[in-house]
file work-v8.pdb (PDB, N, CA and C atoms)
ATOM      1  N   MET A   1      -6.095  49.569  70.692
ATOM      2  CA  MET A   1      -5.640  49.600  72.059
ATOM      3  C   MET A   1      -4.169  50.043  72.075
ATOM      4  N   PRO A   2      -3.844  51.052  72.878
ATOM      5  CA  PRO A   2      -2.463  51.539  72.912
ATOM      6  C   PRO A   2      -1.515  50.498  73.533
ATOM      7  N   LYS A   3      -0.292  50.532  73.056
ATOM      8  CA  LYS A   3       0.730  49.639  73.588
ATOM      9  C   LYS A   3       1.217  50.170  74.927
ATOM     10  N   ASP A   4       1.545  49.255  75.826
ATOM     11  CA  ASP A   4       2.131  49.618  77.107
ATOM     12  C   ASP A   4       3.583  49.156  77.074
ATOM     13  N   TYR A   5       4.488  50.105  76.866
ATOM     14  CA  TYR A   5       5.895  49.754  76.690
ATOM     15  C   TYR A   5       6.550  49.264  77.971
ATOM     16  N   LYS A   6       6.040  49.657  79.111
ATOM     17  CA  LYS A   6       6.558  49.102  80.362
ATOM     18  C   LYS A   6       6.230  47.612  80.433
ATOM     19  N   ASP A   7       5.007  47.241  80.068
ATOM     20  CA  ASP A   7       4.619  45.826  80.049
ATOM     21  C   ASP A   7       5.388  45.054  78.987
ATOM     22  N   ILE A   8       5.557  45.667  77.823
ATOM     23  CA  ILE A   8       6.280  44.996  76.735
ATOM     24  C   ILE A   8       7.700  44.660  77.177
ATOM     25  N   THR A   9       8.401  45.638  77.754
ATOM     26  CA  THR A   9       9.783  45.380  78.153
ATOM     27  C   THR A   9       9.862  44.406  79.327
ATOM     28  N   ARG A  10       8.919  44.492  80.235
ATOM     29  CA  ARG A  10       8.891  43.568  81.377
ATOM     30  C   ARG A  10       8.694  42.126  80.889
ATOM     31  N   ASP A  11       7.774  41.938  79.952
ATOM     32  CA  ASP A  11       7.495  40.606  79.424
ATOM     33  C   ASP A  11       8.698  40.056  78.657
ATOM     34  N   ILE A  12       9.285  40.873  77.811
ATOM     35  CA  ILE A  12      10.445  40.411  77.043
ATOM     36  C   ILE A  12      11.607  40.097  77.975
ATOM     37  N   ALA A  13      11.824  40.930  78.991
ATOM     38  CA  ALA A  13      12.925  40.698  79.933
ATOM     39  C   ALA A  13      12.772  39.342  80.619
ATOM     40  N   GLN A  14      11.545  38.973  80.930
ATOM     41  CA  GLN A  14      11.299  37.664  81.560
ATOM     42  C   GLN A  14      11.770  36.541  80.641
ATOM     43  N   TYR A  15      11.418  36.625  79.365
ATOM     44  CA  TYR A  15      11.784  35.558  78.442
ATOM     45  C   TYR A  15      13.257  35.632  78.031
ATOM     46  N   MET A  16      13.851  36.812  78.102
ATOM     47  CA  MET A  16      15.292  36.919  77.887
ATOM     48  C   MET A  16      16.027  36.196  79.016
ATOM     49  N   ALA A  17      15.498  36.294  80.233
ATOM     50  CA  ALA A  17      16.086  35.570  81.363
ATOM     51  C   ALA A  17      16.013  34.064  81.126
ATOM     52  N   GLU A  18      14.907  33.606  80.563
ATOM     53  CA  GLU A  18      14.784  32.182  80.247
ATOM     54  C   GLU A  18      15.792  31.775  79.181
ATOM     55  N   LEU A  19      16.004  32.648  78.195
ATOM     56  CA  LEU A  19      17.015  32.360  77.170
ATOM     57  C   LEU A  19      18.414  32.301  77.780
ATOM     58  N   ARG A  20      18.691  33.197  78.754
ATOM     59  CA  ARG A  20      19.999  33.178  79.427
ATOM     60  C   ARG A  20      20.223  31.847  80.145
ATOM     61  N   THR A  21      19.155  31.285  80.696
ATOM     62  CA  THR A  21      19.258  29.987  81.368
ATOM     63  C   THR A  21      19.431  28.864  80.346
ATOM     64  N   ALA A  22      18.656  28.912  79.277
ATOM     65  CA  ALA A  22      18.681  27.841  78.278
ATOM     66  C   ALA A  22      19.929  27.882  77.398
ATOM     67  N   THR A  23      20.418  29.104  77.105
ATOM     68  CA  THR A  23      21.567  29.253  76.205
ATOM     69  C   THR A  23      22.528  30.304  76.773
ATOM     70  N   PRO A  24      23.213  29.977  77.850
ATOM     71  CA  PRO A  24      24.016  30.988  78.532
ATOM     72  C   PRO A  24      25.157  31.575  77.701
ATOM     73  N   GLU A  25      25.864  30.767  76.951
ATOM     74  CA  GLU A  25      27.004  31.302  76.208
ATOM     75  C   GLU A  25      26.599  32.311  75.136
ATOM     76  N   PRO A  26      25.625  31.994  74.267
ATOM     77  CA  PRO A  26      25.235  33.002  73.275
ATOM     78  C   PRO A  26      24.675  34.279  73.911
ATOM     79  N   MET A  27      23.932  34.132  74.992
ATOM     80  CA  MET A  27      23.366  35.314  75.644
ATOM     81  C   MET A  27      24.455  36.148  76.314
ATOM     82  N   GLN A  28      25.469  35.509  76.894
ATOM     83  CA  GLN A  28      26.597  36.245  77.462
ATOM     84  C   GLN A  28      27.342  36.984  76.364
ATOM     85  N   ALA A  29      27.484  36.350  75.207
ATOM     86  CA  ALA A  29      28.173  36.992  74.080
ATOM     87  C   ALA A  29      27.374  38.201  73.591
ATOM     88  N   PHE A  30      26.065  38.065  73.521
ATOM     89  CA  PHE A  30      25.227  39.193  73.098
ATOM     90  C   PHE A  30      25.341  40.341  74.099
ATOM     91  N   THR A  31      25.304  40.019  75.394
ATOM     92  CA  THR A  31      25.415  41.046  76.429
ATOM     93  C   THR A  31      26.761  41.759  76.341
ATOM     94  N   ALA A  32      27.828  41.008  76.104
ATOM     95  CA  ALA A  32      29.156  41.618  75.964
ATOM     96  C   ALA A  32      29.209  42.523  74.733
ATOM     97  N   LEU A  33      28.598  42.081  73.634
ATOM     98  CA  LEU A  33      28.552  42.906  72.424
ATOM     99  C   LEU A  33      27.787  44.195  72.680
ATOM    100  N   ALA A  34      26.639  44.098  73.336
ATOM    101  CA  ALA A  34      25.829  45.281  73.629
ATOM    102  C   ALA A  34      26.598  46.246  74.518
ATOM    103  N   LYS A  35      27.259  45.727  75.537
ATOM    104  CA  LYS A  35      28.018  46.579  76.455
ATOM    105  C   LYS A  35      29.155  47.291  75.723
ATOM    106  N   SER A  36      29.851  46.560  74.884
ATOM    107  CA  SER A  36      30.969  47.132  74.137
ATOM    108  C   SER A  36      30.494  48.159  73.112
ATOM    109  N   ALA A  37      29.444  47.826  72.394
ATOM    110  CA  ALA A  37      28.951  48.715  71.337
ATOM    111  C   ALA A  37      28.387  50.019  71.886
ATOM    112  N   THR A  38      27.825  49.979  73.085
ATOM    113  CA  THR A  38      27.184  51.174  73.639
ATOM    114  C   THR A  38      28.097  51.981  74.557
ATOM    115  N   ALA A  39      29.315  51.511  74.759
ATOM    116  CA  ALA A  39      30.237  52.230  75.645
ATOM    117  C   ALA A  39      30.628  53.575  75.030
ATOM    118  N   ASP A  40      30.913  54.541  75.903
ATOM    119  CA  ASP A  40      31.400  55.833  75.428
ATOM    120  C   ASP A  40      32.675  55.639  74.613
ATOM    121  N   GLY A  41      32.741  56.367  73.523
ATOM    122  CA  GLY A  41      33.917  56.358  72.647
ATOM    123  C   GLY A  41      33.918  57.674  71.894
ATOM    124  N   ALA A  42      34.138  57.621  70.591
ATOM    125  CA  ALA A  42      34.041  58.831  69.773
ATOM    126  C   ALA A  42      32.623  59.395  69.856
ATOM    127  N   LEU A  43      31.642  58.510  70.008
ATOM    128  CA  LEU A  43      30.254  58.902  70.262
ATOM    129  C   LEU A  43      29.924  58.562  71.705
ATOM    130  N   ASP A  44      29.157  59.426  72.350
ATOM    131  CA  ASP A  44      28.784  59.118  73.728
ATOM    132  C   ASP A  44      27.639  58.114  73.764
ATOM    133  N   LYS A  45      27.430  57.549  74.956
ATOM    134  CA  LYS A  45      26.413  56.507  75.142
ATOM    135  C   LYS A  45      25.023  56.983  74.714
ATOM    136  N   LYS A  46      24.657  58.225  75.043
ATOM    137  CA  LYS A  46      23.327  58.722  74.685
ATOM    138  C   LYS A  46      23.153  58.780  73.167
ATOM    139  N   THR A  47      24.169  59.248  72.462
ATOM    140  CA  THR A  47      24.090  59.301  70.994
ATOM    141  C   THR A  47      23.920  57.900  70.423
ATOM    142  N   LYS A  48      24.670  56.956  70.963
ATOM    143  CA  LYS A  48      24.563  55.571  70.488
ATOM    144  C   LYS A  48      23.178  54.995  70.771
ATOM    145  N   GLU A  49      22.599  55.333  71.918
ATOM    146  CA  GLU A  49      21.243  54.865  72.229
ATOM    147  C   GLU A  49      20.216  55.508  71.289
ATOM    148  N   LEU A  50      20.406  56.770  70.931
ATOM    149  CA  LEU A  50      19.509  57.417  69.964
ATOM    150  C   LEU A  50      19.580  56.709  68.614
ATOM    151  N   ILE A  51      20.783  56.317  68.210
ATOM    152  CA  ILE A  51      20.951  55.568  66.954
ATOM    153  C   ILE A  51      20.250  54.216  67.059
ATOM    154  N   ALA A  52      20.451  53.522  68.183
ATOM    155  CA  ALA A  52      19.802  52.216  68.373
ATOM    156  C   ALA A  52      18.282  52.352  68.339
ATOM    157  N   LEU A  53      17.769  53.420  68.957
ATOM    158  CA  LEU A  53      16.322  53.652  68.935
ATOM    159  C   LEU A  53      15.839  53.861  67.503
ATOM    160  N   ALA A  54      16.565  54.652  66.743
ATOM    161  CA  ALA A  54      16.174  54.897  65.345
ATOM    162  C   ALA A  54      16.141  53.599  64.551
ATOM    163  N   ILE A  55      17.126  52.750  64.765
ATOM    164  CA  ILE A  55      17.142  51.463  64.063
ATOM    165  C   ILE A  55      15.944  50.618  64.499
ATOM    166  N   GLY A  56      15.657  50.599  65.791
ATOM    167  CA  GLY A  56      14.505  49.844  66.286
ATOM    168  C   GLY A  56      13.203  50.322  65.682
ATOM    169  N   VAL A  57      13.057  51.647  65.536
ATOM    170  CA  VAL A  57      11.844  52.210  64.928
ATOM    171  C   VAL A  57      11.737  51.779  63.473
ATOM    172  N   THR A  58      12.821  51.928  62.719
ATOM    173  CA  THR A  58      12.745  51.596  61.292
ATOM    174  C   THR A  58      12.629  50.096  61.051
ATOM    175  N   GLN A  59      13.016  49.290  62.062
ATOM    176  CA  GLN A  59      12.842  47.836  61.957
ATOM    177  C   GLN A  59      11.515  47.381  62.550
ATOM    178  N   ARG A  60      10.739  48.339  63.083
ATOM    179  CA  ARG A  60       9.411  48.082  63.650
ATOM    180  C   ARG A  60       9.459  47.089  64.812
ATOM    181  N   CYS A  61      10.365  47.359  65.753
ATOM    182  CA  CYS A  61      10.595  46.462  66.891
ATOM    183  C   CYS A  61      10.116  47.124  68.178
ATOM    184  N   ASP A  62       8.955  46.713  68.670
ATOM    185  CA  ASP A  62       8.400  47.293  69.898
ATOM    186  C   ASP A  62       9.327  47.096  71.093
ATOM    187  N   GLY A  63       9.920  45.921  71.209
ATOM    188  CA  GLY A  63      10.835  45.677  72.311
ATOM    189  C   GLY A  63      12.035  46.609  72.261
ATOM    190  N   CYS A  64      12.584  46.792  71.071
ATOM    191  CA  CYS A  64      13.725  47.706  70.908
ATOM    192  C   CYS A  64      13.333  49.120  71.317
ATOM    193  N   ILE A  65      12.161  49.550  70.903
ATOM    194  CA  ILE A  65      11.691  50.891  71.276
ATOM    195  C   ILE A  65      11.619  51.000  72.789
ATOM    196  N   GLY A  66      10.996  50.042  73.432
ATOM    197  CA  GLY A  66      10.858  50.088  74.883
ATOM    198  C   GLY A  66      12.188  50.124  75.606
ATOM    199  N   PHE A  67      13.085  49.203  75.279
ATOM    200  CA  PHE A  67      14.357  49.123  75.991
ATOM    201  C   PHE A  67      15.236  50.350  75.734
ATOM    202  N   HIS A  68      15.248  50.841  74.493
ATOM    203  CA  HIS A  68      16.117  51.984  74.191
ATOM    204  C   HIS A  68      15.530  53.298  74.708
ATOM    205  N   VAL A  69      14.214  53.438  74.713
ATOM    206  CA  VAL A  69      13.612  54.635  75.319
ATOM    207  C   VAL A  69      13.904  54.649  76.821
ATOM    208  N   LYS A  70      13.760  53.506  77.468
ATOM    209  CA  LYS A  70      14.065  53.448  78.903
ATOM    210  C   LYS A  70      15.527  53.823  79.154
ATOM    211  N   ALA A  71      16.430  53.277  78.357
ATOM    212  CA  ALA A  71      17.849  53.609  78.519
ATOM    213  C   ALA A  71      18.081  55.107  78.295
ATOM    214  N   LEU A  72      17.414  55.670  77.299
ATOM    215  CA  LEU A  72      17.573  57.099  77.020
ATOM    216  C   LEU A  72      17.031  57.952  78.157
ATOM    217  N   LYS A  73      15.906  57.571  78.738
ATOM    218  CA  LYS A  73      15.382  58.301  79.901
ATOM    219  C   LYS A  73      16.416  58.273  81.019
ATOM    220  N   ASP A  74      17.015  57.105  81.265
ATOM    221  CA  ASP A  74      18.015  56.965  82.319
ATOM    222  C   ASP A  74      19.266  57.799  82.019
ATOM    223  N   LEU A  75      19.539  58.038  80.737
ATOM    224  CA  LEU A  75      20.699  58.836  80.336
ATOM    225  C   LEU A  75      20.381  60.327  80.254
ATOM    226  N   GLY A  76      19.130  60.690  80.550
ATOM    227  CA  GLY A  76      18.762  62.105  80.564
ATOM    228  C   GLY A  76      18.322  62.677  79.227
ATOM    229  N   ALA A  77      18.014  61.819  78.267
ATOM    230  CA  ALA A  77      17.543  62.323  76.971
ATOM    231  C   ALA A  77      16.195  63.021  77.148
ATOM    232  N   THR A  78      16.002  64.086  76.418
ATOM    233  CA  THR A  78      14.747  64.818  76.488
ATOM    234  C   THR A  78      13.761  64.292  75.459
ATOM    235  N   ARG A  79      12.515  64.631  75.676
ATOM    236  CA  ARG A  79      11.466  64.261  74.711
ATOM    237  C   ARG A  79      11.752  64.915  73.361
ATOM    238  N   GLN A  80      12.270  66.142  73.387
ATOM    239  CA  GLN A  80      12.581  66.843  72.139
ATOM    240  C   GLN A  80      13.700  66.135  71.374
ATOM    241  N   GLU A  81      14.719  65.653  72.073
ATOM    242  CA  GLU A  81      15.792  64.913  71.385
ATOM    243  C   GLU A  81      15.228  63.662  70.715
ATOM    244  N   VAL A  82      14.385  62.948  71.445
ATOM    245  CA  VAL A  82      13.769  61.743  70.872
ATOM    246  C   VAL A  82      12.887  62.120  69.686
ATOM    247  N   ALA A  83      12.114  63.187  69.807
ATOM    248  CA  ALA A  83      11.236  63.615  68.711
ATOM    249  C   ALA A  83      12.039  63.958  67.462
ATOM    250  N   GLU A  84      13.180  64.617  67.626
ATOM    251  CA  GLU A  84      13.987  64.976  66.454
ATOM    252  C   GLU A  84      14.574  63.741  65.781
ATOM    253  N   VAL A  85      14.963  62.752  66.580
ATOM    254  CA  VAL A  85      15.429  61.499  65.987
ATOM    255  C   VAL A  85      14.280  60.815  65.260
ATOM    256  N   MET A  86      13.065  60.910  65.813
ATOM    257  CA  MET A  86      11.905  60.309  65.151
ATOM    258  C   MET A  86      11.631  60.997  63.810
ATOM    259  N   ALA A  87      11.844  62.296  63.735
ATOM    260  CA  ALA A  87      11.675  62.998  62.456
ATOM    261  C   ALA A  87      12.636  62.430  61.408
ATOM    262  N   MET A  88      13.852  62.102  61.823
ATOM    263  CA  MET A  88      14.807  61.494  60.894
ATOM    264  C   MET A  88      14.337  60.102  60.464
ATOM    265  N   CYS A  89      13.739  59.363  61.409
ATOM    266  CA  CYS A  89      13.213  58.035  61.069
ATOM    267  C   CYS A  89      12.108  58.136  60.030
ATOM    268  N   VAL A  90      11.226  59.110  60.204
ATOM    269  CA  VAL A  90      10.134  59.300  59.247
ATOM    270  C   VAL A  90      10.700  59.703  57.886
ATOM    271  N   TYR A  91      11.662  60.602  57.909
ATOM    272  CA  TYR A  91      12.315  61.041  56.670
ATOM    273  C   TYR A  91      12.900  59.845  55.912
ATOM    274  N   MET A  92      13.566  58.955  56.633
ATOM    275  CA  MET A  92      14.243  57.831  55.991
ATOM    276  C   MET A  92      13.341  56.615  55.794
ATOM    277  N   GLY A  93      12.288  56.488  56.625
ATOM    278  CA  GLY A  93      11.486  55.273  56.591
ATOM    279  C   GLY A  93      10.045  55.441  56.143
ATOM    280  N   GLY A  94       9.619  56.683  55.880
ATOM    281  CA  GLY A  94       8.273  56.926  55.377
ATOM    282  C   GLY A  94       7.163  56.608  56.376
ATOM    283  N   GLY A  95       6.000  56.271  55.819
ATOM    284  CA  GLY A  95       4.796  56.053  56.607
ATOM    285  C   GLY A  95       4.918  55.004  57.695
ATOM    286  N   PRO A  96       5.484  53.803  57.393
ATOM    287  CA  PRO A  96       5.619  52.813  58.462
ATOM    288  C   PRO A  96       6.466  53.337  59.629
ATOM    289  N   ALA A  97       7.531  54.058  59.331
ATOM    290  CA  ALA A  97       8.353  54.621  60.407
ATOM    291  C   ALA A  97       7.563  55.655  61.197
ATOM    292  N   LEU A  98       6.677  56.390  60.534
ATOM    293  CA  LEU A  98       5.849  57.380  61.226
ATOM    294  C   LEU A  98       4.982  56.721  62.295
ATOM    295  N   MET A  99       4.412  55.555  61.988
ATOM    296  CA  MET A  99       3.566  54.861  62.956
ATOM    297  C   MET A  99       4.364  54.499  64.211
ATOM    298  N   TYR A 100       5.565  53.979  64.017
ATOM    299  CA  TYR A 100       6.403  53.594  65.149
ATOM    300  C   TYR A 100       7.033  54.804  65.821
ATOM    301  N   ALA A 101       7.279  55.862  65.078
ATOM    302  CA  ALA A 101       7.798  57.103  65.672
ATOM    303  C   ALA A 101       6.777  57.679  66.647
ATOM    304  N   ALA A 102       5.510  57.670  66.257
ATOM    305  CA  ALA A 102       4.457  58.151  67.152
ATOM    306  C   ALA A 102       4.391  57.284  68.404
ATOM    307  N   ASP A 103       4.488  55.975  68.229
ATOM    308  CA  ASP A 103       4.488  55.073  69.382
ATOM    309  C   ASP A 103       5.711  55.293  70.273
ATOM    310  N   THR A 104       6.814  55.710  69.686
ATOM    311  CA  THR A 104       8.017  55.965  70.470
ATOM    312  C   THR A 104       7.791  57.116  71.437
ATOM    313  N   LEU A 105       7.088  58.149  71.001
ATOM    314  CA  LEU A 105       6.760  59.239  71.930
ATOM    315  C   LEU A 105       5.832  58.741  73.027
ATOM    316  N   ARG A 106       4.939  57.823  72.691
ATOM    317  CA  ARG A 106       4.076  57.193  73.712
ATOM    318  C   ARG A 106       4.963  56.470  74.733
ATOM    319  N   ALA A 107       5.948  55.717  74.240
ATOM    320  CA  ALA A 107       6.849  54.996  75.140
ATOM    321  C   ALA A 107       7.608  55.973  76.030
ATOM    322  N   TYR A 108       8.085  57.072  75.456
ATOM    323  CA  TYR A 108       8.809  58.078  76.248
ATOM    324  C   TYR A 108       7.909  58.593  77.372
ATOM    325  N   ASP A 109       6.684  58.930  77.011
ATOM    326  CA  ASP A 109       5.750  59.446  78.020
ATOM    327  C   ASP A 109       5.455  58.392  79.097
ATOM    328  N   GLN A 110       5.342  57.128  78.702
ATOM    329  CA  GLN A 110       5.072  56.063  79.668
ATOM    330  C   GLN A 110       6.233  55.885  80.638
ATOM    331  N   PHE A 111       7.452  55.979  80.141
ATOM    332  CA  PHE A 111       8.605  55.803  81.016
ATOM    333  C   PHE A 111       8.880  57.058  81.844
ATOM    334  N   THR A 112       8.246  58.173  81.495
ATOM    335  CA  THR A 112       8.397  59.408  82.255
ATOM    336  C   THR A 112       7.503  59.392  83.478
ATOM    337  N   THR A 113       6.352  58.738  83.379
ATOM    338  CA  THR A 113       5.405  58.734  84.505
ATOM    339  C   THR A 113       5.635  57.539  85.412
TER     340      THR A 113
END
call {"tool": "encode", "arguments": {"input": "work-v8.pdb", "output": "structure tokens"}}
result
Amino acid sequence: MPKDYKDITRDIAQYMAELRTATPEPMQAFTALAKSATADGALDKKTKELIALAIGVTQRCDGCIGFHVKALKDLGATRQEVAEVMAMCVYMGGGPALMYAADTLRAYDQFTT
């Protein structure tokens, strides 16, 4: 059964909200770290999101794939840019990365429609 990345991110976001309620300080610190790390600098935000997506793929994290693909769509990343980053993931991560790289294109297509 194919994964639905819109559902995956929606479900995780719900439980992240619960974590924010249960542990507000650590979650605020994580949010501040994410905001700071992804801000434009020597690398632009889109490049940083492509890097984050690659890490999520090689770590086999469906939630990471969903959230970073959505962010990349919002930043105007093309399917070809994502595909080329996936080729690098396969190069560096072998067969397991290939499975998640293919799913990443599925996520891109899901967030496009």
call {"tool": "atom_distance", "arguments": {"input": "work-v8.pdb", "atom1": "CA of Ile65 in chain A", "atom2": "CA of Leu53 in chain A"}}
result
5.9 Å
call {"tool": "closest_residue", "arguments": {"input": "work-v8.pdb", "among": "A:Ala102, A:Gly63, A:Gly56, A:Lys46", "to": "Tyr15 in chain A", "atoms": "only C-alpha atoms"}}
result
A:Gly63
call {"tool": "closest_residue", "arguments": {"input": "work-v8.pdb", "among": "A:Ala87, A:Ala107, A:Ala52, A:Cys61", "to": "Ala34 in chain A", "atoms": "only C-alpha atoms"}}
result
A:Ala52
call {"tool": "closest_residue", "arguments": {"input": "work-v8.pdb", "among": "A:Met1, A:Ile8, A:Val82, A:Ala101", "to": "Gly66 in chain A", "atoms": "all atoms listed in the file"}}
result
A:Ile8
call {"tool": "atom_distance", "arguments": {"input": "work-v8.pdb", "atom1": "atom C of Phe111 in chain A", "atom2": "atom N of Asp4 in chain A"}}
result
12.3 Å
call {"tool": "atom_distance", "arguments": {"input": "work-v8.pdb", "atom1": "CA of Ile12 in chain A", "atom2": "CA of Gly94 in chain A"}}
result
27.3 Å
call {"tool": "axis_aligned_box", "arguments": {"input": "work-v8.pdb", "around": "range 87-92 of chain A", "padding_each_side": "8 Å", "output": "lines of an AutoDock Vina configuration file"}}
result
center_x = 12.5
center_y = 59.8
center_z = 59.8
size_x = 20.7
size_y = 22.4
size_z = 23.9
call {"tool": "closest_residue", "arguments": {"input": "work-v8.pdb", "among": "A:Met27, A:Leu50, A:Cys64, A:Leu33", "to": "Gln80 in chain A", "atoms": "only C-alpha atoms"}}
result
A:Leu50
call {"tool": "residues_near_point", "arguments": {"input": "work-v8.pdb", "point": "(13.4, 56.7, 77.5)", "cutoff": "8 Å", "atoms": "only C-alpha atoms", "output": "PyMOL selection string"}}
result
chain A and resi 66-74+77+107-108+111-112
call {"tool": "write_last_selection", "arguments": {"input": "work-v8.pdb", "atoms": "N, CA and C atoms", "output": "CSV table (one decimal), in the frame of the given file"}}
result
chain,number,residue,atom,x,y,z
A,66,GLY,N,11.0,50.0,73.4
A,66,GLY,CA,10.9,50.1,74.9
A,66,GLY,C,12.2,50.1,75.6
A,67,PHE,N,13.1,49.2,75.3
A,67,PHE,CA,14.4,49.1,76.0
A,67,PHE,C,15.2,50.4,75.7
A,68,HIS,N,15.2,50.8,74.5
A,68,HIS,CA,16.1,52.0,74.2
A,68,HIS,C,15.5,53.3,74.7
A,69,VAL,N,14.2,53.4,74.7
A,69,VAL,CA,13.6,54.6,75.3
A,69,VAL,C,13.9,54.6,76.8
A,70,LYS,N,13.8,53.5,77.5
A,70,LYS,CA,14.1,53.4,78.9
A,70,LYS,C,15.5,53.8,79.2
A,71,ALA,N,16.4,53.3,78.4
A,71,ALA,CA,17.8,53.6,78.5
A,71,ALA,C,18.1,55.1,78.3
A,72,LEU,N,17.4,55.7,77.3
A,72,LEU,CA,17.6,57.1,77.0
A,72,LEU,C,17.0,58.0,78.2
A,73,LYS,N,15.9,57.6,78.7
A,73,LYS,CA,15.4,58.3,79.9
A,73,LYS,C,16.4,58.3,81.0
A,74,ASP,N,17.0,57.1,81.3
A,74,ASP,CA,18.0,57.0,82.3
A,74,ASP,C,19.3,57.8,82.0
A,77,ALA,N,18.0,61.8,78.3
A,77,ALA,CA,17.5,62.3,77.0
A,77,ALA,C,16.2,63.0,77.1
A,107,ALA,N,5.9,55.7,74.2
A,107,ALA,CA,6.8,55.0,75.1
A,107,ALA,C,7.6,56.0,76.0
A,108,TYR,N,8.1,57.1,75.5
A,108,TYR,CA,8.8,58.1,76.2
A,108,TYR,C,7.9,58.6,77.4
A,111,PHE,N,7.5,56.0,80.1
A,111,PHE,CA,8.6,55.8,81.0
A,111,PHE,C,8.9,57.1,81.8
A,112,THR,N,8.2,58.2,81.5
A,112,THR,CA,8.4,59.4,82.3
A,112,THR,C,7.5,59.4,83.5
call {"tool": "closest_residue", "arguments": {"input": "work-v8.pdb", "among": "A:Val85, A:Val57, A:Phe30, A:Glu18", "to": "Asp103 in chain A", "atoms": "only C-alpha atoms"}}
result
A:Val57
call {"tool": "closest_residue", "arguments": {"input": "work-v8.pdb", "among": "A:Thr113, A:Gln59, A:Thr47, A:Thr104", "to": "Leu75 in chain A", "atoms": "only C-alpha atoms"}}
result
A:Thr47
call {"tool": "select_by_dssp", "arguments": {"input": "work-v8.pdb", "residues": "range 46-76 of chain A", "states": "helix (DSSP H, G or I)", "output": "VMD selection string"}}
result
chain A and resid 46 to 58 62 to 74
